[in-house]
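A.B. asks: Compact mmCIF, C-alpha atoms and all ligand atoms, saved as entry-v1.txt, coming up:
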```txt
# COMPACT_ATOMS: atom_id res chain seq x y z
CA MET A 25 51.64 24.26 -11.31
CA LYS A 26 48.35 22.55 -10.41
CA LYS A 27 48.46 19.78 -7.81
CA ARG A 28 47.16 16.42 -8.99
CA LEU A 29 44.56 14.39 -7.12
CA VAL A 30 44.17 10.83 -8.39
CA LEU A 31 41.00 8.92 -7.48
CA VAL A 32 41.30 5.17 -8.04
CA GLY A 33 38.00 3.27 -8.33
CA GLY A 34 34.53 4.66 -8.87
CA GLY A 35 33.07 2.93 -5.80
CA HIS A 36 30.42 4.11 -3.35
CA ALA A 37 32.75 6.56 -1.55
CA HIS A 38 34.16 8.16 -4.69
CA LEU A 39 30.65 8.82 -5.96
CA SER A 40 30.34 11.24 -3.04
CA VAL A 41 33.72 12.75 -3.91
CA LEU A 42 32.74 13.26 -7.56
CA ARG A 43 29.45 14.77 -6.46
CA ALA A 44 31.21 17.18 -4.08
CA LEU A 45 33.69 18.15 -6.82
CA ALA A 46 30.84 18.72 -9.28
CA ILE A 47 29.08 20.98 -6.80
CA GLN A 48 32.15 22.90 -5.60
CA ARG A 49 34.44 22.84 -8.68
CA PRO A 50 37.64 23.68 -6.71
CA LEU A 51 40.34 25.59 -8.56
CA GLY A 52 44.03 24.76 -8.64
CA VAL A 53 43.65 20.99 -8.70
CA ASP A 54 43.86 18.55 -11.58
CA VAL A 55 41.68 15.54 -10.78
CA VAL A 56 41.96 12.15 -12.51
CA LEU A 57 39.64 9.17 -12.00
CA VAL A 58 41.13 5.74 -12.76
CA THR A 59 38.44 3.10 -13.17
CA PRO A 60 38.09 -0.14 -15.19
CA SER A 61 34.85 1.06 -16.74
CA ARG A 62 32.82 4.25 -17.08
CA PHE A 63 29.93 2.36 -15.45
CA GLN A 64 29.78 1.68 -11.74
CA ASN A 65 27.50 -1.29 -11.09
CA TYR A 66 25.51 -0.99 -7.88
CA SER A 67 25.70 -4.06 -5.61
CA GLY A 68 22.49 -3.17 -3.75
CA MET A 69 20.45 -3.80 -6.91
CA LEU A 70 22.37 -6.87 -8.11
CA PRO A 71 19.98 -9.35 -6.43
CA GLY A 72 17.01 -7.48 -7.95
CA TRP A 73 18.66 -7.61 -11.38
CA VAL A 74 19.30 -11.37 -11.04
CA ALA A 75 15.68 -11.87 -9.94
CA GLY A 76 14.58 -10.02 -13.10
CA HIS A 77 13.19 -6.88 -11.45
CA TYR A 78 15.53 -4.42 -13.16
CA PRO A 79 17.25 -3.98 -16.52
CA LEU A 80 21.02 -3.52 -16.25
CA SER A 81 20.70 0.17 -17.13
CA ALA A 82 18.69 0.76 -13.93
CA CYS A 83 21.43 -0.69 -11.68
CA ARG A 84 24.45 1.28 -12.73
CA ILE A 85 25.79 4.78 -12.61
CA ASP A 86 27.42 6.35 -15.63
CA LEU A 87 30.59 7.91 -14.22
CA LEU A 88 31.42 9.87 -17.36
CA PRO A 89 28.82 12.67 -17.11
CA LEU A 90 29.45 12.88 -13.37
CA ALA A 91 33.21 13.17 -13.98
CA GLN A 92 32.61 15.78 -16.68
CA ALA A 93 30.37 17.79 -14.35
CA ALA A 94 33.13 17.58 -11.74
CA GLY A 95 35.86 18.64 -14.17
CA VAL A 96 37.55 15.26 -13.65
CA ARG A 97 39.47 13.38 -16.36
CA LEU A 98 38.23 9.78 -16.52
CA VAL A 99 40.83 7.16 -17.44
CA PRO A 100 38.96 3.89 -18.20
CA ILE A 101 41.87 1.55 -17.42
CA PRO A 102 42.30 -0.45 -14.19
CA MET A 103 45.21 0.33 -11.91
CA ALA A 104 47.75 -2.52 -11.78
CA GLY A 105 49.75 -1.28 -8.81
CA MET A 106 51.17 1.74 -7.04
CA ASP A 107 54.24 2.99 -5.24
CA ALA A 108 53.49 5.21 -2.29
CA GLN A 109 57.18 6.28 -1.96
CA ARG A 110 57.41 7.40 -5.58
CA ARG A 111 53.84 8.80 -5.49
CA CYS A 112 52.65 7.14 -8.66
CA VAL A 113 50.07 4.62 -9.84
CA ALA A 114 50.69 2.17 -12.67
CA LEU A 115 47.86 1.31 -15.04
CA GLN A 116 47.27 -2.04 -16.70
CA ASP A 117 48.32 -0.65 -20.10
CA GLY A 118 51.75 0.36 -18.72
CA GLN A 119 51.00 4.09 -18.23
CA GLN A 120 52.06 5.74 -14.99
CA ILE A 121 50.27 8.63 -13.34
CA ASP A 122 52.04 10.70 -10.68
CA TYR A 123 50.00 12.16 -7.86
CA ASP A 124 50.29 14.73 -5.13
CA LEU A 125 47.21 13.38 -3.39
CA LEU A 126 45.74 9.89 -3.83
CA SER A 127 42.39 8.44 -2.85
CA LEU A 128 41.59 4.72 -3.07
CA ASP A 129 38.06 3.33 -3.30
CA VAL A 130 38.59 0.06 -5.15
CA GLY A 131 36.48 -2.22 -2.94
CA SER A 132 37.51 -5.75 -2.04
CA GLU A 133 37.74 -9.09 -3.83
CA THR A 134 35.88 -12.33 -3.11
CA ASN A 135 38.02 -14.80 -1.19
CA THR A 136 37.68 -18.00 -3.22
CA SER A 137 40.89 -19.74 -2.10
CA TRP A 138 39.19 -23.01 -1.09
CA LEU A 139 36.93 -23.12 -4.17
CA GLU A 140 39.46 -22.48 -6.95
CA VAL A 141 39.54 -26.16 -7.97
CA LEU A 142 36.02 -25.69 -9.39
CA GLY A 143 37.60 -23.89 -12.34
CA LYS A 144 35.01 -22.66 -14.88
CA LYS A 145 32.12 -23.70 -12.64
CA LEU A 146 33.09 -21.00 -10.15
CA LEU A 147 31.47 -17.58 -10.34
CA PRO A 148 32.72 -15.18 -7.62
CA ILE A 149 30.35 -12.38 -6.75
CA LYS A 150 33.19 -9.86 -7.11
CA PRO A 151 34.39 -8.26 -9.29
CA LEU A 152 30.79 -7.20 -9.79
CA ASP A 153 31.39 -6.27 -13.45
CA SER A 154 32.32 -9.83 -14.32
CA PHE A 155 29.38 -11.23 -12.32
CA PHE A 156 27.02 -9.01 -14.32
CA THR A 157 28.59 -10.39 -17.52
CA GLN A 158 28.56 -14.05 -16.45
CA TRP A 159 25.11 -14.42 -14.87
CA PRO A 160 23.15 -14.32 -18.20
CA HIS A 161 25.36 -17.22 -19.44
CA LEU A 162 24.60 -19.19 -16.28
CA LEU A 163 20.86 -18.60 -16.69
CA ALA A 164 21.02 -19.59 -20.37
CA ALA A 165 22.86 -22.83 -19.45
CA ALA A 166 20.24 -23.59 -16.77
CA ARG A 167 17.41 -23.12 -19.29
CA VAL A 168 18.73 -25.93 -21.49
CA LYS A 169 19.79 -28.37 -18.78
CA PRO A 170 16.90 -29.95 -16.84
CA GLY A 171 17.83 -30.46 -13.18
CA TYR A 172 20.48 -27.72 -13.23
CA GLN A 173 22.24 -27.54 -9.86
CA LEU A 174 23.45 -24.25 -8.47
CA VAL A 175 25.30 -23.97 -5.17
CA VAL A 176 25.84 -20.61 -3.48
CA VAL A 177 28.59 -20.54 -0.86
CA GLY A 178 28.44 -17.87 1.86
CA GLY A 179 25.80 -17.27 4.52
CA GLY A 180 26.21 -13.49 4.76
CA ALA A 181 23.79 -10.98 3.26
CA ALA A 182 25.27 -11.24 -0.26
CA GLY A 183 25.11 -15.07 -0.32
CA VAL A 184 21.56 -15.22 1.01
CA GLU A 185 20.30 -12.52 -1.34
CA MET A 186 22.00 -14.12 -4.34
CA ALA A 187 20.69 -17.63 -3.59
CA LEU A 188 17.12 -16.37 -3.23
CA ALA A 189 17.45 -14.16 -6.31
CA ALA A 190 18.76 -17.09 -8.39
CA LEU A 191 15.91 -19.27 -7.17
CA ALA A 192 13.39 -16.58 -8.17
CA ALA A 193 15.07 -16.21 -11.59
CA PHE A 194 14.95 -19.98 -12.24
CA THR A 195 11.32 -20.18 -11.13
CA GLN A 196 10.37 -17.25 -13.36
CA ALA A 197 12.18 -18.82 -16.34
CA GLY A 198 10.40 -22.14 -15.73
CA VAL A 199 13.76 -23.86 -15.18
CA ALA A 200 13.66 -27.21 -13.34
CA SER A 201 16.61 -26.66 -11.02
CA ARG A 202 17.96 -27.00 -7.53
CA VAL A 203 19.57 -24.19 -5.54
CA ASP A 204 21.59 -24.88 -2.36
CA LEU A 205 23.13 -22.42 0.04
CA VAL A 206 26.19 -23.43 2.07
CA ALA A 207 26.38 -21.16 5.09
CA SER A 208 28.92 -22.75 7.51
CA GLU A 209 28.19 -23.60 11.16
CA SER A 210 27.54 -19.91 11.96
CA GLY A 211 24.25 -20.20 10.06
CA LEU A 212 22.53 -17.48 8.08
CA LEU A 213 23.41 -13.81 8.47
CA PRO A 214 25.93 -13.90 11.31
CA GLY A 215 25.92 -10.57 13.13
CA HIS A 216 22.20 -9.97 12.54
CA ALA A 217 19.63 -10.38 15.34
CA PRO A 218 18.09 -13.85 15.90
CA GLY A 219 14.70 -12.49 14.77
CA VAL A 220 16.15 -11.49 11.39
CA GLN A 221 17.88 -14.83 10.97
CA ALA A 222 14.65 -16.68 11.78
CA ARG A 223 12.60 -14.63 9.30
CA VAL A 224 15.08 -15.21 6.47
CA GLU A 225 15.49 -18.91 7.25
CA ARG A 226 11.72 -19.45 7.29
CA PHE A 227 11.35 -17.63 3.98
CA ALA A 228 14.25 -19.55 2.40
CA ARG A 229 12.88 -22.96 3.46
CA GLN A 230 9.39 -22.11 2.18
CA ALA A 231 10.89 -20.97 -1.12
CA GLY A 232 12.62 -24.35 -1.51
CA LEU A 233 16.23 -23.27 -1.00
CA GLY A 234 18.45 -26.14 0.25
CA LEU A 235 20.23 -24.92 3.41
CA HIS A 236 23.48 -26.43 4.75
CA PHE A 237 25.01 -25.06 7.93
CA LEU A 238 28.35 -26.78 7.35
CA ARG A 239 31.73 -25.84 5.93
CA GLY A 240 32.23 -26.58 2.25
CA VAL A 241 35.28 -26.96 0.02
CA GLY A 242 35.37 -27.03 -3.76
CA THR A 243 35.93 -30.25 -5.71
CA GLU A 244 35.77 -30.81 -9.46
CA GLU A 245 32.17 -32.10 -9.07
CA GLY A 246 30.82 -29.46 -6.74
CA VAL A 247 31.03 -28.60 -3.04
CA LEU A 248 32.08 -31.16 -0.44
CA LEU A 249 30.49 -30.48 2.95
CA SER A 250 32.21 -31.12 6.28
CA ASP A 251 29.82 -34.08 6.99
CA GLY A 252 31.08 -35.82 3.82
CA GLN A 253 28.07 -35.00 1.65
CA LEU A 254 28.88 -33.86 -1.88
CA LEU A 255 26.64 -31.22 -3.43
CA HIS A 256 26.97 -31.76 -7.17
CA ALA A 257 27.01 -28.45 -8.97
CA ASP A 258 26.80 -27.16 -12.50
CA SER A 259 27.82 -23.77 -11.13
CA VAL A 260 28.96 -22.40 -7.80
CA ILE A 261 28.48 -18.76 -6.84
CA ALA A 262 31.04 -17.65 -4.24
CA ALA A 263 29.92 -14.99 -1.79
CA THR A 264 32.60 -16.07 0.62
CA GLY A 265 33.74 -12.91 2.29
CA ALA A 266 36.22 -10.27 1.33
CA ARG A 267 39.95 -10.10 0.81
CA PRO A 268 42.06 -7.05 -0.02
CA PRO A 269 43.40 -6.47 -3.56
CA VAL A 270 46.76 -8.25 -4.00
CA TRP A 271 48.65 -5.17 -5.26
CA LEU A 272 48.13 -3.42 -1.90
CA GLY A 273 50.80 -5.73 -0.47
CA MET A 274 53.41 -4.13 -2.74
CA SER A 275 52.19 -0.54 -2.42
CA LYS A 276 54.49 0.38 0.53
CA LEU A 277 51.41 1.67 2.37
CA GLY A 278 50.79 0.71 6.01
CA LEU A 279 48.38 -2.27 6.13
CA ASP A 280 46.53 -4.10 8.90
CA ALA A 281 47.11 -7.79 9.70
CA GLN A 282 44.67 -8.89 6.97
CA GLY A 283 46.34 -6.68 4.36
CA TYR A 284 43.77 -3.86 4.21
CA LEU A 285 44.90 -0.24 4.00
CA TRP A 286 45.21 1.07 7.54
CA VAL A 287 43.48 4.47 7.93
CA ASP A 288 42.67 6.85 10.79
CA ALA A 289 39.30 8.42 11.63
CA HIS A 290 39.80 10.92 8.76
CA HIS A 291 40.29 8.00 6.36
CA ARG A 292 43.87 9.06 5.84
CA SER A 293 46.58 6.43 5.57
CA VAL A 294 48.43 6.03 8.87
CA SER A 295 51.71 5.69 6.96
CA HIS A 296 51.36 8.26 4.13
CA ALA A 297 49.63 11.59 4.79
CA ASN A 298 48.92 12.18 1.08
CA VAL A 299 46.91 8.96 0.69
CA PHE A 300 43.25 8.57 1.68
CA ALA A 301 40.86 5.64 1.30
CA ALA A 302 37.29 4.63 2.05
CA GLY A 303 35.07 1.62 1.55
CA ASP A 304 35.99 -2.05 1.64
CA VAL A 305 39.67 -1.50 0.76
CA CYS A 306 40.53 0.05 4.12
CA ALA A 307 40.45 -0.79 7.81
CA ARG A 308 40.10 1.80 10.54
CA ALA A 309 42.90 1.83 13.13
CA ASP A 310 40.54 3.26 15.77
CA ALA A 311 37.25 1.42 15.16
CA MET A 312 35.79 -1.85 13.85
CA LEU A 313 33.82 -1.07 10.69
CA THR A 314 31.91 -3.77 8.84
CA ARG A 315 32.55 -3.79 5.10
CA SER A 316 29.31 -2.39 3.73
CA GLY A 317 28.08 -0.05 1.07
CA GLU A 318 26.44 2.03 3.75
CA HIS A 319 29.76 2.78 5.51
CA ALA A 320 31.45 3.38 2.17
CA VAL A 321 28.81 5.97 1.19
CA HIS A 322 28.84 7.78 4.53
CA ALA A 323 32.64 7.72 4.84
CA GLY A 324 32.62 9.11 1.29
CA SER A 325 31.17 12.42 2.52
CA ALA A 326 34.01 12.84 5.04
CA LEU A 327 36.49 11.70 2.39
CA ALA A 328 35.23 14.34 -0.06
CA HIS A 329 35.58 17.03 2.61
CA ASN A 330 39.07 15.84 3.58
CA LEU A 331 40.42 15.68 0.04
CA LEU A 332 39.23 19.24 -0.60
CA ALA A 333 40.46 20.42 2.82
CA THR A 334 43.91 18.87 2.29
CA GLN A 335 44.18 20.60 -1.04
CA ALA A 336 43.01 23.96 0.38
CA GLY A 337 44.74 23.64 3.78
CA GLY A 338 41.58 23.29 5.92
CA ALA A 339 40.70 21.13 8.94
CA LEU A 340 39.91 17.45 8.41
CA GLN A 341 36.62 15.79 9.32
CA ALA A 342 36.32 12.40 11.07
CA TYR A 343 33.83 9.81 9.87
CA VAL A 344 31.81 8.76 12.91
CA PRO A 345 29.88 5.60 12.07
CA LYS A 346 26.35 5.22 13.38
CA ARG A 347 25.90 2.55 16.04
CA ARG A 348 23.39 0.58 13.96
CA SER A 349 22.93 0.19 10.22
CA LEU A 350 19.70 -0.56 8.39
CA TYR A 351 19.83 -3.60 6.12
CA LEU A 352 17.03 -4.38 3.69
CA LEU A 353 17.59 -7.93 2.51
CA ALA A 354 16.00 -8.82 -0.83
CA CYS A 355 14.45 -12.30 -0.76
CA GLY A 356 13.81 -12.85 -4.45
CA PRO A 357 10.22 -12.26 -5.54
CA ARG A 358 9.75 -8.59 -4.56
CA TYR A 359 9.83 -9.49 -0.87
CA ALA A 360 12.40 -8.29 1.67
CA VAL A 361 13.41 -8.50 5.33
CA ALA A 362 14.43 -5.37 7.24
CA SER A 363 17.12 -5.58 9.92
CA TRP A 364 18.04 -2.73 12.24
CA GLY A 365 19.67 -3.78 15.50
CA ARG A 366 17.20 -6.08 17.23
CA TRP A 367 14.26 -4.76 15.21
CA SER A 368 13.10 -6.62 12.13
CA ALA A 369 10.16 -6.68 9.71
CA GLU A 370 9.32 -8.32 6.42
CA GLY A 371 6.94 -8.09 3.50
CA GLN A 372 6.38 -6.73 0.04
CA TRP A 373 6.30 -3.26 1.57
CA VAL A 374 9.91 -3.74 2.77
CA TRP A 375 10.90 -4.59 -0.80
CA ARG A 376 9.16 -1.45 -2.08
CA TRP A 377 11.05 0.55 0.58
CA LYS A 378 14.35 -0.98 -0.57
CA ASP A 379 13.45 -0.36 -4.19
CA TRP A 380 12.77 3.32 -3.44
CA ILE A 381 16.06 3.74 -1.55
CA ASP A 382 18.07 2.00 -4.26
CA ARG A 383 16.53 3.98 -7.13
CA ARG A 384 17.06 7.21 -5.18
CA PHE A 385 20.73 6.25 -4.69
CA ILE A 386 21.23 5.84 -8.44
CA GLN A 387 19.35 9.08 -9.12
CA ARG A 388 21.48 10.96 -6.58
CA PHE A 389 24.57 10.32 -8.69
CA SER A 390 23.09 11.04 -12.08
CA THR A 391 23.98 14.52 -13.27
CA THR A 392 20.33 15.58 -13.06
CA GLY A 393 20.48 14.72 -9.32
CA LEU A 394 23.23 17.30 -8.71
CA VAL A 395 22.25 20.46 -6.92
CA PRO A 396 24.85 23.24 -7.11
CA THR A 397 25.94 24.77 -3.78
CA THR A 398 24.41 28.16 -4.60
CA GLN A 399 21.04 26.58 -5.34
CA MET A 400 21.27 24.53 -2.14
CA GLN A 401 21.94 27.68 -0.16
CA GLU A 402 18.98 29.42 -1.77
CA HIS A 403 16.70 26.63 -0.58
CA THR A 404 18.12 26.49 2.95
CA PRO A 405 15.82 28.38 5.34
C1 LIG B 1 25.18 -8.94 -3.79
C2 LIG B 1 25.64 -7.90 -2.84
C3 LIG B 1 24.70 -7.11 -2.21
C4 LIG B 1 25.09 -6.15 -1.31
N1 LIG B 1 24.13 -5.39 -0.72
C5 LIG B 1 24.50 -4.45 0.17
C6 LIG B 1 23.51 -3.64 0.79
O1 LIG B 1 22.30 -3.79 0.52
N2 LIG B 1 23.92 -2.71 1.69
C7 LIG B 1 25.24 -2.54 2.00
O2 LIG B 1 25.56 -1.66 2.81
N3 LIG B 1 26.20 -3.28 1.43
C8 LIG B 1 25.87 -4.24 0.51
N4 LIG B 1 26.83 -4.99 -0.07
C9 LIG B 1 28.25 -4.74 0.25
C10 LIG B 1 28.75 -3.63 -0.65
O3 LIG B 1 28.63 -4.00 -1.99
C11 LIG B 1 30.22 -3.30 -0.45
O4 LIG B 1 30.52 -3.20 0.91
C12 LIG B 1 30.48 -1.97 -1.16
O5 LIG B 1 30.35 -2.18 -2.55
C13 LIG B 1 31.84 -1.42 -0.88
O6 LIG B 1 31.95 -0.23 -1.58
P1 LIG B 1 33.33 0.28 -2.08
O7 LIG B 1 33.14 1.70 -2.43
O8 LIG B 1 34.39 -0.07 -1.14
O9 LIG B 1 33.65 -0.57 -3.40
P2 LIG B 1 32.79 -0.90 -4.67
O10 LIG B 1 31.45 -0.31 -4.62
O11 LIG B 1 32.96 -2.36 -4.85
O12 LIG B 1 33.56 -0.15 -5.83
C14 LIG B 1 34.89 -0.39 -6.13
C15 LIG B 1 35.19 0.16 -7.52
O13 LIG B 1 36.58 0.11 -7.74
C16 LIG B 1 36.85 -0.42 -9.02
N5 LIG B 1 38.16 -1.05 -9.01
C17 LIG B 1 38.48 -2.25 -8.48
N6 LIG B 1 39.79 -2.50 -8.70
C18 LIG B 1 40.29 -1.45 -9.38
C19 LIG B 1 41.58 -1.13 -9.89
N7 LIG B 1 42.62 -1.96 -9.76
N8 LIG B 1 41.73 0.02 -10.57
C20 LIG B 1 40.69 0.89 -10.70
N9 LIG B 1 39.46 0.64 -10.21
C21 LIG B 1 39.26 -0.51 -9.57
C22 LIG B 1 35.70 -1.40 -9.27
O14 LIG B 1 35.51 -1.61 -10.63
C23 LIG B 1 34.54 -0.65 -8.64
O15 LIG B 1 33.97 0.22 -9.56
C24 LIG B 1 26.46 -5.97 -1.01
C25 LIG B 1 27.42 -6.75 -1.65
C26 LIG B 1 27.01 -7.69 -2.57
C27 LIG B 1 28.08 -8.51 -3.27
```
Take the structure in the file and give it back as structure tokens.
Ligand SMILES: Cc1cc2nc3c(=O)[nH]c(=O)nc-3n(C[C@H](O)[C@H](O)[C@H](O)COP(=O)(O)OP(=O)(O)OC[C@H]3O[C@@H](n4cnc5c(N)ncnc54)[C@H](O)[C@@H]3O)c2cc1C
C.D. replies:
Amino acid sequence: MKKRLVLVGGGHAHLSVLRALAIQRPLGVDVVLVTPSRFQNYSGMLPGWVAGHYPLSACRIDLLPLAQAAGVRLVPIPMAGMDAQRRCVALQDGQQIDYDLLSLDVGSETNTSWLEVLGKKLLPIKPLDSFFTQWPHLLAAARVKPGYQLVVVGGGAAGVEMALAALAAFTQAGVASRVDLVASESGLLPGHAPGVQARVERFARQAGLGLHFLRGVGTEEGVLLSDGQLLHADSVIAATGARPPVWLGMSKLGLDAQGYLWVDAHHRSVSHANVFAAGDVCARADAMLTRSGEHAVHAGSALAHNLLATQAGGALQAYVPKRRSLYLLACGPRYAVASWGRWSAEGQWVWRWKDWIDRRFIQRFSTTGLVPTTQMQEHTP
């Protein structure tokens, strides 16, 4: 009987797995992809979509043709939970799927615990699918309410990019509005070099973004800052850092102190040898990895190799992260700041560079971007 590999989530890492399966088409394995939707929205282009640079169709990958090319059965229902002892996943419609080998790439959730009181005013950046659905409603509401007030909470890359994108969208729509960014005492872009932080802060101030380097908590009216100032808000976008999916806590898998799936350098669960994971959902036992799309994509190549090797009985490959990652931070109106270690740069040319990389990423996972192994070998000198 065929062994069953279940992939949960169509995130950055599983795109590489689907691509590898499409190219290699391994025999003797039944592969199932469990995902809430056949479309995987791409976070890297979300700020550009909000700023009006892209239609939705340009920022998402259709998983169905990729799954078909890979011989994978796509089940468009979210997973509700799993039991690592019984080797099965439970779907939201009550179905159960047993697995021999499991791979998780479900990303993380936005931690909104101290903003929940905002109720309907609150728009967390993740899940991305619901952000993509909600943003047009927010923009429509802003168009008809003069003096619309938007507060973005979170001074990391996602918060900064979203605040500047929203500002650009309001400006383009001729909306009289105010956009504030609450970034805590750590300031903008913690972890990036001072030169990068200075470039982004200068750009943000010139663009008219209200900056607050204070802690904020949600109230029914808006966001209350730690100096007592209340930022009234019609809407609050939360880009407040990640938290692991709640169901992981009941999965019986080994987790780290924050509740993320604990994996080794091969991205294999430290507690269950038949479970692998990559991307935001996991934490490496041997290394500190920031939660980023870049790591998810690169770990995805090792993950693809390891899933196929486990099935075929081959040696596993470690994912060795690069020492520095390149970040291209979109600043709204087709302008971006580049950050790579201590080096930084900015301009419209940086935005065009980002645009090229992002479009190439989407193209790479369209079925026309697939190059079969034989063809690849023919072209290798
Ligand atoms: C606005 C924004 C901009 C960003 N820009 C960058 C950037 O430029 N560069 C960078 O490196 N990082 C960036 N990031 C971070 C990046 O998005 C994440 O680190 C990355 O998406 C993690 O990839 P992943 O594969 O773990 O999960 P994701 O890409 O989030 O994919 C997870 C998938 O799993 C699915 N899923 C979730 N729950 C379930 C379930 N229960 N059952 C089945 N499927 C499920 C989801 O629908 C989704 O398709 C950005 C983040 C944001 C919010």
A.B. asks: Excluding Asp122 of chain A and its own-chain neighbours fewer than 2 positions away, which residues fall within 8 Å of it when counting only C-alpha atoms? Please give them as a count of residues only.
C.D. replies: 6
A.B. asks: Report, in Å with one decimal, the straight-line distance from atom CA of Leu272 of chain A to atom CA of Met106 of chain A.
C.D. replies: 7.9 Å
A.B. asks: When you count only C-alpha atoms and all ligand atoms, which of these residues is closest to ligand LIG 1 (chain B): A:Gly211, A:Gly219, A:Gly68, A:Gly337?
C.D. replies: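 With only C-alpha atoms and all ligand atoms as the atom set, the closest residue is A:Gly68.
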A.B. asks: Could you list, as an NGL selection string, all the residues within 7 Å of ligand LIG 1 (chain B), counting all atoms listed in the file?
C.D. replies: :A and (32-38 or 58-61 or 64-68 or 70-71 or 101-104 or 129-132 or 149-151 or 153 or 181-182 or 185-186 or 263 or 302-305 or 315-320 or 351-353)
A.B. asks: Write the residues of the selection above to a file with C-alpha atoms, as a short mmCIF file (atom, residue, chain, number, x, y, z; two decimals), keeping the file's coordinate frame.
C.D. replies:
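Saved to selection_22.cif:
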```cif
data_model
loop_
_atom_site.label_atom_id
_atom_site.label_comp_id
_atom_site.auth_asym_id
_atom_site.auth_seq_id
_atom_site.Cartn_x
_atom_site.Cartn_y
_atom_site.Cartn_z
CA VAL A 32 41.30 5.17 -8.04
CA GLY A 33 38.00 3.27 -8.33
CA GLY A 34 34.53 4.66 -8.87
CA GLY A 35 33.07 2.93 -5.80
CA HIS A 36 30.42 4.11 -3.35
CA ALA A 37 32.75 6.56 -1.55
CA HIS A 38 34.16 8.16 -4.69
CA VAL A 58 41.13 5.74 -12.76
CA THR A 59 38.44 3.10 -13.17
CA PRO A 60 38.09 -0.14 -15.19
CA SER A 61 34.85 1.06 -16.74
CA GLN A 64 29.78 1.68 -11.74
CA ASN A 65 27.50 -1.29 -11.09
CA TYR A 66 25.51 -0.99 -7.88
CA SER A 67 25.70 -4.06 -5.61
CA GLY A 68 22.49 -3.17 -3.75
CA LEU A 70 22.37 -6.87 -8.11
CA PRO A 71 19.98 -9.35 -6.43
CA ILE A 101 41.87 1.55 -17.42
CA PRO A 102 42.30 -0.45 -14.19
CA MET A 103 45.21 0.33 -11.91
CA ALA A 104 47.75 -2.52 -11.78
CA ASP A 129 38.06 3.33 -3.30
CA VAL A 130 38.59 0.06 -5.15
CA GLY A 131 36.48 -2.22 -2.94
CA SER A 132 37.51 -5.75 -2.04
CA ILE A 149 30.35 -12.38 -6.75
CA LYS A 150 33.19 -9.86 -7.11
CA PRO A 151 34.39 -8.26 -9.29
CA ASP A 153 31.39 -6.27 -13.45
CA ALA A 181 23.79 -10.98 3.26
CA ALA A 182 25.27 -11.24 -0.26
CA GLU A 185 20.30 -12.52 -1.34
CA MET A 186 22.00 -14.12 -4.34
CA ALA A 263 29.92 -14.99 -1.79
CA ALA A 302 37.29 4.63 2.05
CA GLY A 303 35.07 1.62 1.55
CA ASP A 304 35.99 -2.05 1.64
CA VAL A 305 39.67 -1.50 0.76
CA ARG A 315 32.55 -3.79 5.10
CA SER A 316 29.31 -2.39 3.73
CA GLY A 317 28.08 -0.05 1.07
CA GLU A 318 26.44 2.03 3.75
CA HIS A 319 29.76 2.78 5.51
CA ALA A 320 31.45 3.38 2.17
CA TYR A 351 19.83 -3.60 6.12
CA LEU A 352 17.03 -4.38 3.69
CA LEU A 353 17.59 -7.93 2.51
#
```
A.B. asks: Which of these, A:Gly240, A:Gly143, A:Gly278, A:Pro148, has the shortest distance to Arg308 of chain A once you count only C-alpha atoms?
C.D. replies: A:Gly278
A.B. asks: Would you work out the distance separating atom CA of Val299 of chain A from atom CA of Leu331 of chain A, expressed in Å to one decimal?
C.D. replies: 9.4 Å
A.B. asks: Give the answer as one residue: which of A:Val260, A:Ala200, A:Ala187, A:Leu340 has the shortest atom-to-atom distance to Leu146 of chain A, using all atoms listed in the file?
C.D. replies: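 Selected residue with least distance to Leu146 of chain A: A:Val260.
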A.B. asks: Can you tell me, as a PyMOL selection string, what residues are no more than 10 Å from Gly234 of chain A when counting all atoms listed in the file, ignoring any on the same chain fewer than 5 positions away?
C.D. replies: chain A and resi 175-176+187+202-206+228-229
A.B. asks: To one decimal place, how far is atom CA of Ile121 of chain A from atom CA of Cys306 of chain A in Å?
C.D. replies: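 These two atoms are separated by 21.8 Å.
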A.B. asks: Would you mind telling me which residue in A:Leu255, A:Leu45, A:Leu128, A:Leu51 lies nearest to Tyr284 of chain A when using all atoms listed in the file?
C.D. replies: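 Of A:Leu255, A:Leu45, A:Leu128, A:Leu51, the one nearest Tyr284 of chain A is A:Leu128, counting all atoms listed in the file.
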A.B. asks: Just want the 12 Å neighbourhood of Asp251 of chain A, counted on all atoms listed in the file, with same-chain residues fewer than 6 positions away dropped. Output as a list in words.
C.D. replies: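 Listing them by chain and then by number gives Ser208, Glu209, His236, Phe237, Leu238, Arg239, Gly240 and Val241 of chain A.
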A.B. asks: Please fill the gaps in segment 156-160 of chain A so it has N, CA and C atoms, and write that as a PDB file, in the frame of the given file.
C.D. replies:
```pdb
ATOM      1  N   PHE A 156      28.102  -9.502 -13.454  1.00  0.00           N
ATOM      2  CA  PHE A 156      27.020  -9.010 -14.320  1.00  0.00           C
ATOM      3  C   PHE A 156      27.153  -9.601 -15.732  1.00  0.00           C
ATOM      4  N   THR A 157      28.387  -9.820 -16.178  1.00  0.00           N
ATOM      5  CA  THR A 157      28.590 -10.390 -17.520  1.00  0.00           C
ATOM      6  C   THR A 157      28.274 -11.885 -17.534  1.00  0.00           C
ATOM      7  N   GLN A 158      28.656 -12.585 -16.468  1.00  0.00           N
ATOM      8  CA  GLN A 158      28.560 -14.050 -16.450  1.00  0.00           C
ATOM      9  C   GLN A 158      27.155 -14.587 -16.132  1.00  0.00           C
ATOM     10  N   TRP A 159      26.406 -13.889 -15.304  1.00  0.00           N
ATOM     11  CA  TRP A 159      25.110 -14.420 -14.870  1.00  0.00           C
ATOM     12  C   TRP A 159      24.183 -14.791 -16.050  1.00  0.00           C
ATOM     13  N   PRO A 160      24.039 -13.938 -17.084  1.00  0.00           N
ATOM     14  CA  PRO A 160      23.150 -14.320 -18.200  1.00  0.00           C
ATOM     15  C   PRO A 160      23.571 -15.644 -18.843  1.00  0.00           C
TER      16      PRO A 160
END
```
